[in-house]
$ cat input.tsv   # TSV, C-alpha atoms and all ligand atoms
chain	number	residue	atom	x	y	z
Y	1	MET	CA	158.72	-55.34	-172.60
Y	2	HIS	CA	158.38	-52.00	-170.77
Y	3	LEU	CA	159.91	-49.04	-172.55
Y	4	LYS	CA	160.71	-45.70	-170.97
Y	5	ASN	CA	159.46	-42.52	-172.62
Y	6	PRO	CA	162.18	-41.28	-174.92
Y	7	PRO	CA	163.93	-38.12	-173.69
Y	8	ARG	CA	164.23	-34.97	-175.81
Y	9	GLU	CA	165.68	-35.66	-179.28
Y	10	ASN	CA	168.69	-33.38	-178.86
Y	11	SER	CA	170.01	-35.32	-175.89
Y	12	ILE	CA	170.01	-38.77	-177.45
Y	13	SER	CA	172.33	-40.63	-179.76
Y	14	LEU	CA	171.65	-43.55	-182.04
Y	15	LYS	CA	173.58	-46.67	-181.04
Y	16	GLY	CA	172.31	-49.39	-183.32
Y	17	ALA	CA	169.34	-51.49	-184.25
Y	18	VAL	CA	167.74	-54.69	-183.00
Y	19	GLN	CA	165.12	-57.08	-184.25
Y	20	ILE	CA	162.57	-58.32	-181.68
Y	21	SER	CA	159.76	-60.66	-182.71
Y	22	ASN	CA	159.74	-59.56	-186.34
Y	23	SER	CA	159.72	-55.85	-185.43
Y	24	SER	CA	162.69	-53.56	-185.92
Y	25	PHE	CA	163.79	-51.03	-183.32
Y	26	LEU	CA	166.47	-48.40	-183.15
Y	27	VAL	CA	168.59	-48.40	-179.99
Y	28	TYR	CA	169.24	-44.96	-178.47
Y	29	GLU	CA	171.29	-43.75	-175.53
Y	30	ASP	CA	170.39	-40.58	-173.61
Y	31	ALA	CA	172.77	-38.08	-171.99
Y	32	CYS	CA	172.71	-40.10	-168.71
Y	33	GLY	CA	173.74	-43.31	-170.49
Y	34	LYS	CA	170.27	-44.90	-170.33
Y	35	MET	CA	169.39	-47.06	-173.31
Y	36	PHE	CA	165.92	-47.19	-174.87
Y	37	LEU	CA	164.24	-48.39	-178.05
Y	38	LYS	CA	162.18	-46.61	-180.67
Y	39	THR	CA	160.62	-47.99	-183.80
Y	40	GLY	CA	162.42	-46.41	-186.68
Y	41	ASN	CA	161.70	-45.84	-190.30
Y	42	GLU	CA	163.38	-48.23	-192.67
Y	43	GLU	CA	165.91	-45.67	-193.85
Y	44	ALA	CA	167.17	-44.79	-190.35
Y	45	LEU	CA	167.31	-48.46	-189.51
Y	46	HIS	CA	169.35	-49.34	-192.58
Y	47	LYS	CA	171.70	-46.45	-191.91
Y	48	SER	CA	172.17	-47.53	-188.34
Y	49	VAL	CA	172.84	-51.15	-189.26
Y	50	VAL	CA	175.42	-50.19	-191.91
Y	51	GLN	CA	177.06	-47.73	-189.50
Y	52	SER	CA	177.46	-50.48	-186.91
Y	53	MET	CA	179.06	-52.69	-189.59
Y	54	ILE	CA	181.54	-49.89	-190.37
Y	55	ASP	CA	182.29	-49.36	-186.67
Y	56	SER	CA	183.03	-53.03	-186.10
Y	57	ASN	CA	185.66	-53.28	-188.84
Y	58	PRO	CA	188.38	-50.56	-188.80
Y	59	TYR	CA	189.72	-51.85	-192.14
Y	60	ILE	CA	186.70	-50.26	-193.89
Y	61	ALA	CA	187.76	-46.75	-192.79
Y	62	LYS	CA	191.26	-47.50	-194.12
Y	63	ILE	CA	189.93	-48.53	-197.55
Y	64	LEU	CA	187.73	-45.42	-197.73
Y	65	LYS	CA	190.66	-43.20	-196.71
Y	66	ARG	CA	192.91	-44.78	-199.32
Y	67	PHE	CA	190.42	-43.84	-202.04
Y	68	HIS	CA	189.59	-40.44	-200.47
Y	69	ILE	CA	185.94	-41.41	-199.97
Y	70	LYS	CA	183.93	-39.89	-197.12
Y	71	PRO	CA	182.19	-42.60	-195.03
Y	72	LEU	CA	178.68	-41.55	-196.07
Y	73	ILE	CA	175.89	-44.11	-196.17
Y	74	ASP	CA	173.62	-43.77	-199.19
Y	75	THR	CA	170.37	-45.25	-197.91
Y	76	LYS	CA	168.49	-44.49	-201.12
Y	77	THR	CA	170.94	-46.69	-202.99
Y	78	LEU	CA	170.53	-49.41	-200.40
Y	79	LYS	CA	166.75	-49.28	-200.62
Y	80	ASP	CA	166.79	-49.37	-204.44
Y	81	LEU	CA	169.29	-52.22	-204.48
Y	82	THR	CA	167.57	-54.43	-201.93
Y	83	GLY	CA	164.13	-53.94	-203.46
Y	84	GLY	CA	165.32	-54.19	-207.06
Y	85	HIS	CA	168.63	-55.39	-208.43
Y	86	MET	CA	169.79	-57.63	-205.55
Y	87	ASN	CA	166.37	-59.25	-205.31
Y	88	ASP	CA	166.28	-59.82	-209.11
Y	89	THR	CA	169.83	-61.19	-209.09
Y	90	CYS	CA	168.83	-63.64	-206.38
Y	91	ASN	CA	165.76	-64.81	-208.32
Y	92	ILE	CA	167.75	-65.25	-211.53
Y	93	ALA	CA	170.59	-67.07	-209.72
Y	94	MET	CA	168.09	-69.46	-208.14
Y	95	GLY	CA	166.40	-70.02	-211.51
Y	96	VAL	CA	169.71	-70.69	-213.28
Y	97	TYR	CA	170.79	-73.02	-210.45
Y	98	SER	CA	167.59	-75.07	-210.77
Y	99	ILE	CA	168.24	-75.65	-214.50
Y	100	LEU	CA	171.91	-76.65	-214.19
Y	101	SER	CA	172.99	-80.30	-214.39
Y	102	GLU	CA	173.04	-82.36	-211.20
Y	103	ASP	CA	176.78	-82.63	-211.60
Y	104	ILE	CA	177.22	-78.84	-211.23
Y	105	LYS	CA	174.49	-78.47	-208.59
Y	106	GLU	CA	176.29	-80.96	-206.36
Y	107	LYS	CA	179.29	-78.63	-206.24
Y	108	VAL	CA	177.37	-75.45	-205.31
Y	109	ASP	CA	175.47	-74.91	-202.07
Y	110	LYS	CA	172.04	-73.46	-202.89
Y	111	GLY	CA	171.61	-71.66	-199.54
Y	112	THR	CA	175.03	-70.03	-199.84
Y	113	LEU	CA	174.24	-68.91	-203.38
Y	114	LYS	CA	170.89	-67.45	-202.31
Y	115	GLU	CA	172.32	-65.48	-199.38
Y	116	ALA	CA	175.29	-64.19	-201.36
Y	117	SER	CA	173.23	-63.09	-204.37
Y	118	MET	CA	170.79	-61.27	-202.07
Y	119	LEU	CA	173.65	-59.29	-200.50
Y	120	HIS	CA	176.19	-59.14	-203.32
Y	121	ASP	CA	176.13	-55.35	-203.94
Y	122	LEU	CA	175.79	-54.17	-200.33
Y	123	GLY	CA	179.18	-52.42	-200.63
Y	124	LYS	CA	177.63	-49.92	-203.08
Y	125	VAL	CA	176.06	-48.21	-200.08
Y	126	LEU	CA	179.49	-46.61	-199.50
Y	127	ILE	CA	180.22	-45.66	-203.11
Y	128	PRO	CA	179.57	-41.94	-203.69
Y	129	SER	CA	176.28	-41.56	-205.57
Y	130	LYS	CA	177.99	-39.15	-207.99
Y	131	ILE	CA	179.98	-42.13	-209.25
Y	132	LEU	CA	177.23	-44.72	-208.87
Y	133	ASN	CA	174.73	-42.65	-210.85
Y	134	LYS	CA	177.07	-40.89	-213.28
Y	135	PRO	CA	175.23	-40.61	-216.61
Y	136	ALA	CA	178.42	-41.23	-218.60
Y	137	LYS	CA	181.44	-43.52	-218.77
Y	138	LEU	CA	183.48	-43.58	-215.55
Y	139	ASN	CA	187.04	-42.26	-215.70
Y	140	VAL	CA	189.95	-44.37	-214.45
Y	141	ARG	CA	189.79	-43.05	-210.88
Y	142	GLU	CA	186.00	-43.44	-210.68
Y	143	ARG	CA	186.22	-46.99	-212.09
Y	144	LYS	CA	188.79	-47.90	-209.41
Y	145	ILE	CA	186.43	-46.61	-206.72
Y	146	MET	CA	183.42	-48.39	-208.21
Y	147	ASN	CA	185.38	-51.65	-208.31
Y	148	ILE	CA	185.99	-51.68	-204.55
Y	149	HIS	CA	182.26	-52.19	-203.86
Y	150	SER	CA	182.60	-55.98	-203.81
Y	151	THR	CA	185.47	-55.80	-201.31
Y	152	LEU	CA	183.53	-53.25	-199.22
Y	153	GLY	CA	180.52	-55.59	-199.16
Y	154	TYR	CA	182.79	-58.40	-197.94
Y	155	GLU	CA	184.29	-56.19	-195.22
Y	156	LEU	CA	180.89	-54.84	-194.09
Y	157	LEU	CA	179.52	-58.36	-193.60
Y	158	LYS	CA	182.70	-59.98	-192.27
Y	159	THR	CA	181.87	-59.06	-188.67
Y	160	GLN	CA	178.18	-59.97	-188.93
Y	161	GLY	CA	178.26	-63.75	-188.57
Y	162	VAL	CA	177.97	-64.34	-192.31
Y	163	SER	CA	179.61	-67.61	-193.45
Y	164	GLU	CA	183.01	-67.58	-195.14
Y	165	ASP	CA	181.53	-69.16	-198.30
Y	166	VAL	CA	178.90	-66.41	-198.63
Y	167	LEU	CA	181.52	-63.71	-197.95
Y	168	ASN	CA	183.78	-65.09	-200.67
Y	169	LEU	CA	181.01	-65.15	-203.26
Y	170	ILE	CA	180.22	-61.51	-202.42
Y	171	LYS	CA	183.86	-60.50	-202.68
Y	172	TYR	CA	184.39	-62.23	-206.03
Y	173	HIS	CA	181.05	-61.69	-207.76
Y	174	HIS	CA	182.87	-59.64	-210.43
Y	175	GLN	CA	185.41	-62.36	-211.04
Y	176	ASN	CA	185.05	-64.50	-214.18
Y	177	TRP	CA	185.82	-67.98	-215.54
Y	178	LYS	CA	189.24	-66.95	-216.87
Y	179	HIS	CA	190.03	-64.94	-213.73
Y	180	SER	CA	190.50	-61.57	-215.41
Y	181	GLY	CA	187.87	-59.81	-213.28
Y	182	TYR	CA	188.21	-58.09	-209.90
Y	183	PRO	CA	189.40	-58.19	-207.17
Y	184	ILE	CA	192.50	-60.14	-208.25
Y	185	LEU	CA	192.46	-63.75	-207.05
Y	186	THR	CA	195.35	-64.71	-204.80
Y	187	SER	CA	196.52	-68.15	-203.67
Y	188	GLU	CA	194.49	-67.61	-200.47
Y	189	SER	CA	191.22	-66.87	-202.31
Y	190	LYS	CA	188.69	-69.58	-201.61
Y	191	ALA	CA	185.77	-68.46	-203.76
Y	192	SER	CA	183.87	-71.27	-205.51
Y	193	ASP	CA	184.36	-70.72	-209.24
Y	194	LEU	CA	181.00	-72.28	-210.07
Y	195	GLY	CA	179.17	-70.26	-207.41
Y	196	VAL	CA	180.83	-67.08	-208.70
Y	197	GLN	CA	179.78	-67.98	-212.26
Y	198	ILE	CA	176.11	-68.31	-211.29
Y	199	ILE	CA	175.97	-65.08	-209.25
Y	200	SER	CA	177.98	-63.23	-211.86
Y	201	ILE	CA	175.77	-64.20	-214.81
Y	202	ALA	CA	172.60	-63.45	-212.80
Y	203	ASP	CA	174.07	-60.08	-211.76
Y	204	LYS	CA	174.99	-59.14	-215.33
Y	205	TYR	CA	171.68	-60.26	-216.82
Y	206	SER	CA	169.71	-58.38	-214.15
Y	207	ALA	CA	171.77	-55.21	-214.78
Y	208	LEU	CA	171.35	-55.43	-218.58
Y	209	ARG	CA	167.57	-55.85	-218.23
Y	210	GLU	CA	167.34	-52.64	-216.14
Y	211	ALA	CA	167.48	-49.09	-217.45
Y	212	ARG	CA	170.57	-47.26	-216.23
Y	213	VAL	CA	171.24	-43.53	-216.17
Y	214	TYR	CA	173.60	-43.98	-219.11
Y	215	ARG	CA	171.54	-46.43	-221.24
Y	216	ARG	CA	168.05	-47.80	-221.88
Y	217	ARG	CA	166.80	-51.17	-220.66
Y	218	LEU	CA	167.99	-53.88	-223.04
Y	219	SER	CA	165.71	-56.54	-224.46
Y	220	ARG	CA	166.08	-60.20	-223.47
Y	221	ILE	CA	167.77	-61.03	-226.79
Y	222	GLU	CA	170.13	-58.04	-226.61
Y	223	ALA	CA	171.15	-58.99	-223.08
Y	224	LEU	CA	171.72	-62.64	-224.01
Y	225	LEU	CA	173.79	-61.62	-227.06
Y	226	ILE	CA	176.06	-59.43	-224.93
Y	227	LEU	CA	176.60	-62.29	-222.53
Y	228	TYR	CA	177.26	-64.72	-225.38
Y	229	ARG	CA	180.22	-62.53	-226.36
Y	230	GLU	CA	181.61	-63.20	-222.88
Y	231	VAL	CA	181.15	-66.94	-223.37
Y	232	ARG	CA	183.27	-66.68	-226.53
Y	233	GLU	CA	185.89	-64.70	-224.61
Y	234	GLY	CA	186.11	-67.49	-222.03
Y	235	LYS	CA	184.66	-65.33	-219.24
Y	236	ILE	CA	181.43	-67.30	-218.81
Y	237	LEU	CA	181.13	-71.07	-218.52
Y	238	PRO	CA	178.98	-72.30	-221.49
Y	239	GLU	CA	176.84	-74.60	-219.27
Y	240	VAL	CA	175.91	-71.67	-217.02
Y	241	TYR	CA	175.08	-69.51	-220.03
Y	242	GLN	CA	172.87	-72.25	-221.51
Y	243	ALA	CA	170.99	-72.47	-218.21
Y	244	LEU	CA	170.47	-68.70	-218.28
Y	245	VAL	CA	169.09	-68.88	-221.85
Y	246	LYS	CA	166.60	-71.58	-220.78
Y	247	TYR	CA	165.65	-69.56	-217.70
Y	248	ALA	CA	165.15	-66.37	-219.74
Y	249	GLU	CA	163.06	-68.12	-222.40
Y	250	LYS	CA	160.79	-69.58	-219.77
Y	251	TYR	CA	160.50	-66.83	-217.18
Y	252	ASP	CA	161.57	-63.52	-218.73
Y	253	SER	CA	159.14	-62.56	-221.45
T	1	FE	FE	178.51	-55.68	-208.14
T	2	FE	FE	175.05	-56.33	-208.90

$ encode --input "input.tsv" --output "structure tokens" --more "lines below"
Ligand SMILES: [Fe+2]
Ligand SMILES: [Fe+2]
Amino acid sequence: MHLKNPPRENSISLKGAVQISNSSFLVYEDACGKMFLKTGNEEALHKSVVQSMIDSNPYIAKILKRFHIKPLIDTKTLKDLTGGHMNDTCNIAMGVYSILSEDIKEKVDKGTLKEASMLHDLGKVLIPSKILNKPAKLNVRERKIMNIHSTLGYELLKTQGVSEDVLNLIKYHHQNWKHSGYPILTSESKASDLGVQIISIADKYSALREARVYRRRLSRIEALLILYREVREGKILPEVYQALVKYAEKYDS
């Protein structure tokens, strides 16, 4: 491919990003409307990709406006999440899946589970970092804003060729076995309860095993005890919890 020399920085605008033969490029347009490519740093690339997701779904701007959130993309959050929590959640979800009975496995698609767990918190990229990293309990308004991250993730990926099953797992990864989580399930919701259970327990366990600005990293036993309380409350399916315990004993020392 022959690329033109990029014109002066102040006369160009970023249009998007493309992947060509395992390399990532940013797509720019100059003042005369000519398009050209530049290799970009990861942060600019992520920002550009998320911006194009926002541009292709006007409903996202409406949600942000409703909650008085500026459409700012927090690339540091995205980098931390993709390299840390989302990756860990995916590994735990895959581990739990492998331990579950054949009967349950038959009802959950492994590829769907993997893709959804890898992307489940993408919507946090639009949650103000003041709320995301608040070193104290969130107030009611902040909690409402935090809770839209799963819907934002769904809306960001809706226009990106992601399958309906993956999208639904992302949207409902904070839902639970007795359906008292968020967002509220409607008669049209098609999320797989079992898939949600696996992502949800992996997500919670990963979060408990990480230090947060408001608390220290919990030990394996402390994390499992907290989740056991949720089993007793009917929020976690016992079979999924038992698989997590086996996974943690074997792989999380
Ligand atoms: Fe989440
Ligand atoms: Fe998460």

$ residues_near_point --input "input.tsv" --point "(171.4, -72.8, -200.7)" --cutoff "12 Å" --atoms "all atoms listed in the file" --output "PyMOL selection string"
chain Y and resi 90+93-94+97-98+105-118+165-166+195

$ write_last_selection --input "input.tsv" --atoms "C-alpha atoms" --output "PDB file, keeping the file's coordinate frame"
ATOM      1  CA  CYS Y  90     168.830 -63.640-206.380  1.00  0.00           C
ATOM      2  CA  ALA Y  93     170.590 -67.070-209.720  1.00  0.00           C
ATOM      3  CA  MET Y  94     168.090 -69.460-208.140  1.00  0.00           C
ATOM      4  CA  TYR Y  97     170.790 -73.020-210.450  1.00  0.00           C
ATOM      5  CA  SER Y  98     167.590 -75.070-210.770  1.00  0.00           C
ATOM      6  CA  LYS Y 105     174.490 -78.470-208.590  1.00  0.00           C
ATOM      7  CA  GLU Y 106     176.290 -80.960-206.360  1.00  0.00           C
ATOM      8  CA  LYS Y 107     179.290 -78.630-206.240  1.00  0.00           C
ATOM      9  CA  VAL Y 108     177.370 -75.450-205.310  1.00  0.00           C
ATOM     10  CA  ASP Y 109     175.470 -74.910-202.070  1.00  0.00           C
ATOM     11  CA  LYS Y 110     172.040 -73.460-202.890  1.00  0.00           C
ATOM     12  CA  GLY Y 111     171.610 -71.660-199.540  1.00  0.00           C
ATOM     13  CA  THR Y 112     175.030 -70.030-199.840  1.00  0.00           C
ATOM     14  CA  LEU Y 113     174.240 -68.910-203.380  1.00  0.00           C
ATOM     15  CA  LYS Y 114     170.890 -67.450-202.310  1.00  0.00           C
ATOM     16  CA  GLU Y 115     172.320 -65.480-199.380  1.00  0.00           C
ATOM     17  CA  ALA Y 116     175.290 -64.190-201.360  1.00  0.00           C
ATOM     18  CA  SER Y 117     173.230 -63.090-204.370  1.00  0.00           C
ATOM     19  CA  MET Y 118     170.790 -61.270-202.070  1.00  0.00           C
ATOM     20  CA  ASP Y 165     181.530 -69.160-198.300  1.00  0.00           C
ATOM     21  CA  VAL Y 166     178.900 -66.410-198.630  1.00  0.00           C
ATOM     22  CA  GLY Y 195     179.170 -70.260-207.410  1.00  0.00           C
TER      23      GLY Y 195
END

$ residues_near_ligand --input "input.tsv" --ligand "ligand FE 1 (chain T)" --cutoff "12 Å" --atoms "all atoms listed in the file" --output "JSON list (two decimals) with C-alpha atoms, keeping the file's coordinate frame"
[["chain", "number", "residue", "atom", "x", "y", "z"],
["Y", 81, "LEU", "CA", 169.29, -52.22, -204.48],
["Y", 85, "HIS", "CA", 168.63, -55.39, -208.43],
["Y", 86, "MET", "CA", 169.79, -57.63, -205.55],
["Y", 89, "THR", "CA", 169.83, -61.19, -209.09],
["Y", 116, "ALA", "CA", 175.29, -64.19, -201.36],
["Y", 117, "SER", "CA", 173.23, -63.09, -204.37],
["Y", 118, "MET", "CA", 170.79, -61.27, -202.07],
["Y", 119, "LEU", "CA", 173.65, -59.29, -200.50],
["Y", 120, "HIS", "CA", 176.19, -59.14, -203.32],
["Y", 121, "ASP", "CA", 176.13, -55.35, -203.94],
["Y", 122, "LEU", "CA", 175.79, -54.17, -200.33],
["Y", 123, "GLY", "CA", 179.18, -52.42, -200.63],
["Y", 124, "LYS", "CA", 177.63, -49.92, -203.08],
["Y", 125, "VAL", "CA", 176.06, -48.21, -200.08],
["Y", 127, "ILE", "CA", 180.22, -45.66, -203.11],
["Y", 132, "LEU", "CA", 177.23, -44.72, -208.87],
["Y", 146, "MET", "CA", 183.42, -48.39, -208.21],
["Y", 147, "ASN", "CA", 185.38, -51.65, -208.31],
["Y", 148, "ILE", "CA", 185.99, -51.68, -204.55],
["Y", 149, "HIS", "CA", 182.26, -52.19, -203.86],
["Y", 150, "SER", "CA", 182.60, -55.98, -203.81],
["Y", 151, "THR", "CA", 185.47, -55.80, -201.31],
["Y", 152, "LEU", "CA", 183.53, -53.25, -199.22],
["Y", 153, "GLY", "CA", 180.52, -55.59, -199.16],
["Y", 154, "TYR", "CA", 182.79, -58.40, -197.94],
["Y", 169, "LEU", "CA", 181.01, -65.15, -203.26],
["Y", 170, "ILE", "CA", 180.22, -61.51, -202.42],
["Y", 171, "LYS", "CA", 183.86, -60.50, -202.68],
["Y", 172, "TYR", "CA", 184.39, -62.23, -206.03],
["Y", 173, "HIS", "CA", 181.05, -61.69, -207.76],
["Y", 174, "HIS", "CA", 182.87, -59.64, -210.43],
["Y", 175, "GLN", "CA", 185.41, -62.36, -211.04],
["Y", 181, "GLY", "CA", 187.87, -59.81, -213.28],
["Y", 182, "TYR", "CA", 188.21, -58.09, -209.90],
["Y", 183, "PRO", "CA", 189.40, -58.19, -207.17],
["Y", 196, "VAL", "CA", 180.83, -67.08, -208.70],
["Y", 199, "ILE", "CA", 175.97, -65.08, -209.25],
["Y", 200, "SER", "CA", 177.98, -63.23, -211.86],
["Y", 201, "ILE", "CA", 175.77, -64.20, -214.81],
["Y", 202, "ALA", "CA", 172.60, -63.45, -212.80],
["Y", 203, "ASP", "CA", 174.07, -60.08, -211.76],
["Y", 204, "LYS", "CA", 174.99, -59.14, -215.33],
["Y", 205, "TYR", "CA", 171.68, -60.26, -216.82],
["Y", 206, "SER", "CA", 169.71, -58.38, -214.15],
["Y", 207, "ALA", "CA", 171.77, -55.21, -214.78]]

$ atom_distance --input "input.tsv" --atom1 "CA of Glu102 (chain Y)" --atom2 "CA of Val240 (chain Y)"
12.5 Å

$ atom_distance --input "input.tsv" --atom1 "CA of Ala31 (chain Y)" --atom2 "CA of Ser13 (chain Y)"
8.2 Å

$ residues_around --input "input.tsv" --residues "region 233-238 of chain Y" --least-positions-apart "3" --cutoff "10 Å" --atoms "only C-alpha atoms" --output "CSV table (one decimal) with C-alpha atoms, in the coordinates of the input"
chain,number,residue,atom,x,y,z
Y,175,GLN,CA,185.4,-62.4,-211.0
Y,176,ASN,CA,185.0,-64.5,-214.2
Y,177,TRP,CA,185.8,-68.0,-215.5
Y,178,LYS,CA,189.2,-67.0,-216.9
Y,179,HIS,CA,190.0,-64.9,-213.7
Y,180,SER,CA,190.5,-61.6,-215.4
Y,181,GLY,CA,187.9,-59.8,-213.3
Y,193,ASP,CA,184.4,-70.7,-209.2
Y,194,LEU,CA,181.0,-72.3,-210.1
Y,197,GLN,CA,179.8,-68.0,-212.3
Y,198,ILE,CA,176.1,-68.3,-211.3
Y,200,SER,CA,178.0,-63.2,-211.9
Y,201,ILE,CA,175.8,-64.2,-214.8
Y,227,LEU,CA,176.6,-62.3,-222.5
Y,228,TYR,CA,177.3,-64.7,-225.4
Y,229,ARG,CA,180.2,-62.5,-226.4
Y,230,GLU,CA,181.6,-63.2,-222.9
Y,241,TYR,CA,175.1,-69.5,-220.0
Y,242,GLN,CA,172.9,-72.2,-221.5
Y,243,ALA,CA,171.0,-72.5,-218.2
Y,244,LEU,CA,170.5,-68.7,-218.3

$ closest_residue --input "input.tsv" --among "Y:Cys32, Y:Ile221, Y:Leu126, Y:Leu167" --to "Ser189 (chain Y)" --atoms "only C-alpha atoms"
Y:Leu167

$ axis_aligned_box --input "input.tsv" --around "region 46-65 of chain Y" --padding-each-side "6 Å" --output "AutoDock Vina command-line options"
--center_x 180.3 --center_y -48.2 --center_z -191.9 --size_x 33.9 --size_y 22.1 --size_z 23.6

$ atom_distance --input "input.tsv" --atom1 "CA of Ser56 (chain Y)" --atom2 "CA of Thr159 (chain Y)"
6.7 Å

$ closest_residue --input "input.tsv" --among "Y:Ala136, Y:Lys130, Y:Asp80, Y:Val96" --to "ligand FE 2 (chain T)" --atoms "only C-alpha atoms and all ligand atoms"
Y:Asp80

$ closest_residue --input "input.tsv" --among "Y:Pro58, Y:Ser52, Y:Glu43, Y:Ser101" --to "Lys76 (chain Y)" --atoms "all atoms listed in the file"
Y:Glu43
